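Undergrad: The structure follows.
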Amino acid sequence: MREEALRMTHVTCREQGSTPLRDFNLNIFTGEIMGLIPLNGGHGMTVLIDLLRQNLPLQRGNIYYREELINTWRAAAPRYNRIGVLQSSSCLVEGLTVADNIFVLRPAFKSWLIRPRLLRQQLQPVLDKFDPNLSAGAYVEDLTHFQRFVVELVKAVVAGCRLIILREVSTFISDLELSRLHDILRYYAGEGLSFLYLGYHYEELTQICDRTALFSNGRIVKILEHERIGAPASFDNIVRRQLERHHDRAGLPPVLEVEELSGGAIDKLTFSVAPGECVVLQDLQNRIFRDLVGLFMGDVPIRAGAIRLGGVPYRPEQNRQIAVIGERPDRSMIFPQLSYLDNLGITLDHRLPELWFSRRVQWGLRQECERKLGTEVFDLPPGKLLTQQKYDLVYQRILLQNPKVVFCIQPFQGADMEMRIHIWKLLEQIQEKGIALVILAINLADSLSLASRLIRIRQDAPPETYEQSEFGRIPFSAPWLDLYRGPSPS
Amino acid sequence: MEAKKASSLRRFFAIRGMSAAMISFAALIVIYIGFGIMNPVMFSGDNIMNLLRAMSKYLLIGIGQSYILITGNIDLSLGAVVGMSAMMAGTLMTHGVNPVVACLITLVACLLVGVINGFLVGQLKLPPFIATLGTMFAARGVAYMVNGNRNTDAISSGIGKEAADTFQNIFYYGKTFGIYNTFLIAMVIFAAFFFLLSRTRTGRHIYAVGSNVDAAKLSGVSVFGTTTKTYLVSAFCAFVTGLILCAQAGMGNMEAGNTYEMYAVAASVIGGVSPLGGTGLLLGTLGGAAVWQTLENGLNMVHAPVGIQRLAIGIIVVFAVMIDVVFRSGAGKKAVKK
């Protein structure tokens, strides 16, 4: 009989009045990689992680870890379990080396005297197996995202974790790195470690997971074993529609032209984008986005090359012509202390200079937007809006601003199925308005479906450009590639 | 009709920071009446006028500090710039420089400190506490050096009694329509900066930077420009306060404005300006400055020792910050719950 790493039976957990986990059942075998896809919202995921790590009190049910009861509804036993978590927020301490983080910062390390050389010698062979460029003496802040994941993984293994949770790792590392990470996971799974792999993309999870559970409204609604999960027809339809629309926009002169642009970590980047067109820039090492946005915002000086907007040289001062939507805009692009209307109009002053001292203009703006966004949102503090309402607010702000180009950083990051379709529609609205769209992505996820062109950028190598007609020959697995490889959508 | 009234009242209190501002005014009324019952001289016309005049200094520095706090920064150099303003203006006038020219030169010097603060915090990203601590010492050093490490003589010795009287009347002793000019000057500045903060693009950018600096940056707001503007406002307010102190004493005092930066923080925080940034109304700062001065005035009236005054102010400041922090965390929890 197969040994179980984790068993959760009829677990019900309440948090601040809501019930994010309700009659939740899940078991993970030793050496298994279990996938978990949230179908409607990721809030339950956070509670699930906290519950497994910290033994939150249960209303019902039991949790067994390595066949030992660690938490039960009968009696709360708050303590930290040896379960590792790899997610966007790092558990590594900056300013210390990799070896210090792995060996010294763990409860079992009792030695008073630290011998850095010995620690490095012990660790380096392990790291070399996964990434030859990863040094045990490197400082944490100098690591790439992939290296950070590797270090956190090794740290969890060294700390004695037999179950490791990975949450949305694909949004921080590129496809190539993801495939390397998968190899490492398989290696450790072979060693008897178990993994709970949380993600929103079917395609990604089916590549790595032995079984995949679908999570909805606080419980597991289905477990898919060893079968290829197909995306819902509605997704395919959206992608197909995108492909058809692309042809209507072909042949327009470019609105933004970037030629041999160098600055910060960017070296000789060239691309152009036409009104209503979408270009996806895939950063294979997650190094250039900050600098690219900085170049357009005027924070990073241009070393060489040129940017032309609407045929004339671009100056960062005219930055209302270019808009940026940051990662997770529901968090990064909201001003929680300003009102909804203030949030909506904060980038509108170039079009309505009298906005802030004319109540009539403010009222007009509100009337115009109420039809689309609803009435009640205007009376709510932005912090109390639902996630979808926050997305609507940010995208509506951009539509009102009416820039020529929008840079969108990882637009689908952290979004569940429902939200992804909604973001799709919002991005479509931007394109429909004739605004050029530049998506900055680390992992392609759903971005490819909107793209007219894909540019893959890596350091020390020329960028690879693929037109939409060439997507079918992209040499890696990505969502929707089957559609491009299949018969023509028309 | 009733529903309409309730709705407009709700809208009024829905303005961010309005509740805190109104609480400070309510506290003001309670304190004022309380001290008035203990000593009815509090209610006399003369006392009210004096109270308004004395409050003006706190209001002015409070306005400056509020602008800074709303962006999530702090200005520790404010008090030193007040001293520098008083000393520079006093020294120039004792050397016979026309008061208008002396004020203009002083204004330029004060604004320069504002620009330096803005550059250090906005451009070089130094922690505002450290950056303005440095400029605080520098500005106080200038205040000491400008007249050779001693207070100035009476300004009348340089510009003559008539000009000195005019200067002192404009900034401190004179009245217009029965109200001290000091208070009128403070109210004009208050109105101008209130308008700037609540009705202009710059004002919205100040709130935006304090609320979410990254989002502000991505939205095309110049964080450096906005930060510098707030430090310029602070320097301007310190300049005017320095002139008021110079006019009050009729001379420049090297220690003028000492610890005023802390009074400014207190006035702002009591009025509901959040030290965490993004929230606050100048109306609240007006209430905070009034509470501060009324407390000071009232405790004097009942012959309370200075120590008690400081203790009372300290407790109120901590209480005001506590309300802000508790309110914010409570609001955050509620949002998550929803």
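To be explicit about the labels: the chains of the structure tokens are called A, B, and onward in the order shown, and within each one the residues are counted from 1, while ligands get numbers from 1 in the order they are shown.
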Using only C-alpha atoms, determine which residues lie at most 7 Å from Thr270 (chain A), disregarding the query and same-chain residues fewer than 4 positions distant; provide the list as a list of chain:residue names.

TA: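 The residues that qualify are A:Val258, A:Glu259, A:Glu260, A:Leu261.
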
Undergrad: May I have the residues from that selection written out with all heavy atoms, as a PDB file, in the first residue's frame?

TA:
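That gives us out05.pdb:
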```
ATOM      1  N   VAL A 258      10.760  51.051 -31.356  1.00  0.00           N
ATOM      2  CA  VAL A 258      11.940  50.984 -30.482  1.00  0.00           C
ATOM      3  C   VAL A 258      13.077  50.403 -31.307  1.00  0.00           C
ATOM      4  O   VAL A 258      12.953  49.317 -31.860  1.00  0.00           O
ATOM      5  CB  VAL A 258      11.644  50.092 -29.252  1.00  0.00           C
ATOM      6  CG1 VAL A 258      12.892  49.911 -28.410  1.00  0.00           C
ATOM      7  CG2 VAL A 258      10.529  50.689 -28.413  1.00  0.00           C
ATOM      8  N   GLU A 259      14.158  51.170 -31.407  1.00  0.00           N
ATOM      9  CA  GLU A 259      15.261  50.729 -32.262  1.00  0.00           C
ATOM     10  C   GLU A 259      16.555  50.611 -31.490  1.00  0.00           C
ATOM     11  O   GLU A 259      17.025  51.598 -30.903  1.00  0.00           O
ATOM     12  CB  GLU A 259      15.452  51.732 -33.408  1.00  0.00           C
ATOM     13  CG  GLU A 259      14.480  51.499 -34.540  1.00  0.00           C
ATOM     14  CD  GLU A 259      14.678  52.510 -35.639  1.00  0.00           C
ATOM     15  OE1 GLU A 259      15.780  53.058 -35.770  1.00  0.00           O
ATOM     16  OE2 GLU A 259      13.694  52.775 -36.354  1.00  0.00           O
ATOM     17  N   GLU A 260      17.078  49.415 -31.456  1.00  0.00           N
ATOM     18  CA  GLU A 260      18.402  49.170 -30.852  1.00  0.00           C
ATOM     19  C   GLU A 260      18.501  49.809 -29.473  1.00  0.00           C
ATOM     20  O   GLU A 260      19.523  50.411 -29.131  1.00  0.00           O
ATOM     21  CB  GLU A 260      19.510  49.729 -31.763  1.00  0.00           C
ATOM     22  CG  GLU A 260      19.521  49.161 -33.160  1.00  0.00           C
ATOM     23  CD  GLU A 260      20.390  47.923 -33.272  1.00  0.00           C
ATOM     24  OE1 GLU A 260      21.547  47.978 -32.841  1.00  0.00           O
ATOM     25  OE2 GLU A 260      19.881  46.903 -33.764  1.00  0.00           O
ATOM     26  N   LEU A 261      17.479  49.711 -28.704  1.00  0.00           N
ATOM     27  CA  LEU A 261      17.419  50.416 -27.413  1.00  0.00           C
ATOM     28  C   LEU A 261      18.286  49.701 -26.368  1.00  0.00           C
ATOM     29  O   LEU A 261      18.150  48.497 -26.157  1.00  0.00           O
ATOM     30  CB  LEU A 261      15.963  50.474 -26.939  1.00  0.00           C
ATOM     31  CG  LEU A 261      15.716  51.278 -25.662  1.00  0.00           C
ATOM     32  CD1 LEU A 261      15.957  52.760 -25.889  1.00  0.00           C
ATOM     33  CD2 LEU A 261      14.285  51.072 -25.170  1.00  0.00           C
TER      34      LEU A 261
END
```

Undergrad: Within 6 Å of chain B, which residues of chain A show up when using only C-alpha atoms, listed as number ranges by chain?

TA: A: 16, 319, 324, 332-333, 335, 337, 356-357, 384

Undergrad: Which one is closest to Ala461 (chain A): A:Leu123, A:Val154, A:Leu365, A:Leu269? Count only C-alpha atoms.

TA: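 Nearest candidate to Ala461 (chain A) out of A:Leu123, A:Val154, A:Leu365, A:Leu269: A:Leu269.
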
Undergrad: At a cut-off of 7 Å, using only C-alpha atoms, what residues contact region 139-147 of chain B? Leave out same-chain residues fewer than 6 positions from it and give the result as a short mmCIF file (atom, residue, chain, number, x, y, z; two decimals) with N, CA, C and O atoms, in the first residue's frame.

TA:
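Final output, out_11.cif:
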```
data_model
loop_
_atom_site.label_atom_id
_atom_site.label_comp_id
_atom_site.auth_asym_id
_atom_site.auth_seq_id
_atom_site.Cartn_x
_atom_site.Cartn_y
_atom_site.Cartn_z
N ALA B 80 14.16 74.38 12.21
CA ALA B 80 15.44 75.06 11.96
C ALA B 80 15.30 76.10 10.86
O ALA B 80 15.94 77.17 10.92
N VAL B 81 14.45 75.81 9.87
CA VAL B 81 14.22 76.79 8.79
C VAL B 81 13.47 78.00 9.35
O VAL B 81 13.73 79.14 8.94
N GLY B 83 13.92 79.17 12.34
CA GLY B 83 15.00 79.92 13.00
C GLY B 83 15.87 80.64 11.99
O GLY B 83 16.25 81.79 12.17
N MET B 84 16.17 79.92 10.88
CA MET B 84 17.00 80.53 9.84
C MET B 84 16.31 81.74 9.23
O MET B 84 16.93 82.79 9.00
N MET B 87 16.38 84.64 11.73
CA MET B 87 17.72 85.20 11.87
C MET B 87 18.17 85.94 10.60
O MET B 87 18.75 87.03 10.67
N MET B 88 17.87 85.35 9.44
CA MET B 88 18.31 86.00 8.20
C MET B 88 17.59 87.32 8.01
O MET B 88 18.21 88.35 7.71
N THR B 91 18.84 89.80 10.66
CA THR B 91 20.21 90.28 10.40
C THR B 91 20.22 91.27 9.24
O THR B 91 20.85 92.34 9.31
N MET B 254 18.41 83.19 17.57
CA MET B 254 19.02 81.98 17.00
C MET B 254 18.23 80.72 17.33
O MET B 254 18.27 79.75 16.60
#
```

Undergrad: Taking the backbone alone, and naming residues the way the document does, which bits of region 82-186 of chain B are alpha helix (DSSP H) by DSSP, as a PyMOL selection string?

TA: chain B and resi 82-94+99-118+128-145+156-159+161-168+181-186

Undergrad: Suppose you want the space between CA of Glu94 (chain A) and CA of Leu143 (chain A); what is it in Å?

TA: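 Between these atoms lies a distance of 10.1 Å.
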
Undergrad: Of the candidates B:Asn117, B:Val318, B:Ser66, B:Gly287, which one gets nearest to Ala26 (chain B) if we count only C-alpha atoms?

TA: B:Gly287

Undergrad: Write out as number ranges by chain each polymer residue whose atoms come within 12 Å of Thr152 (chain B), counting only C-alpha atoms; drop sequence neighbours fewer than 3 positions from it.

TA: B: 86-95, 143-149, 155-158, 246, 249-256

Undergrad: Work out how far apart CA of Arg148 (chain A) and CA of Glu327 (chain A) are and give it in Å to one decimal.

TA: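 Pair CA of Arg148 (chain A) / CA of Glu327 (chain A) returns 19.5 Å.
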
Undergrad: Counting only C-alpha atoms, what is within 6 Å of region 170-175 of chain B, bar same-chain residues fewer than 3 positions away, as JSON, numbers by chain?

TA: {"B": [167, 178, 179, 180, 181, 182, 244, 247, 248]}
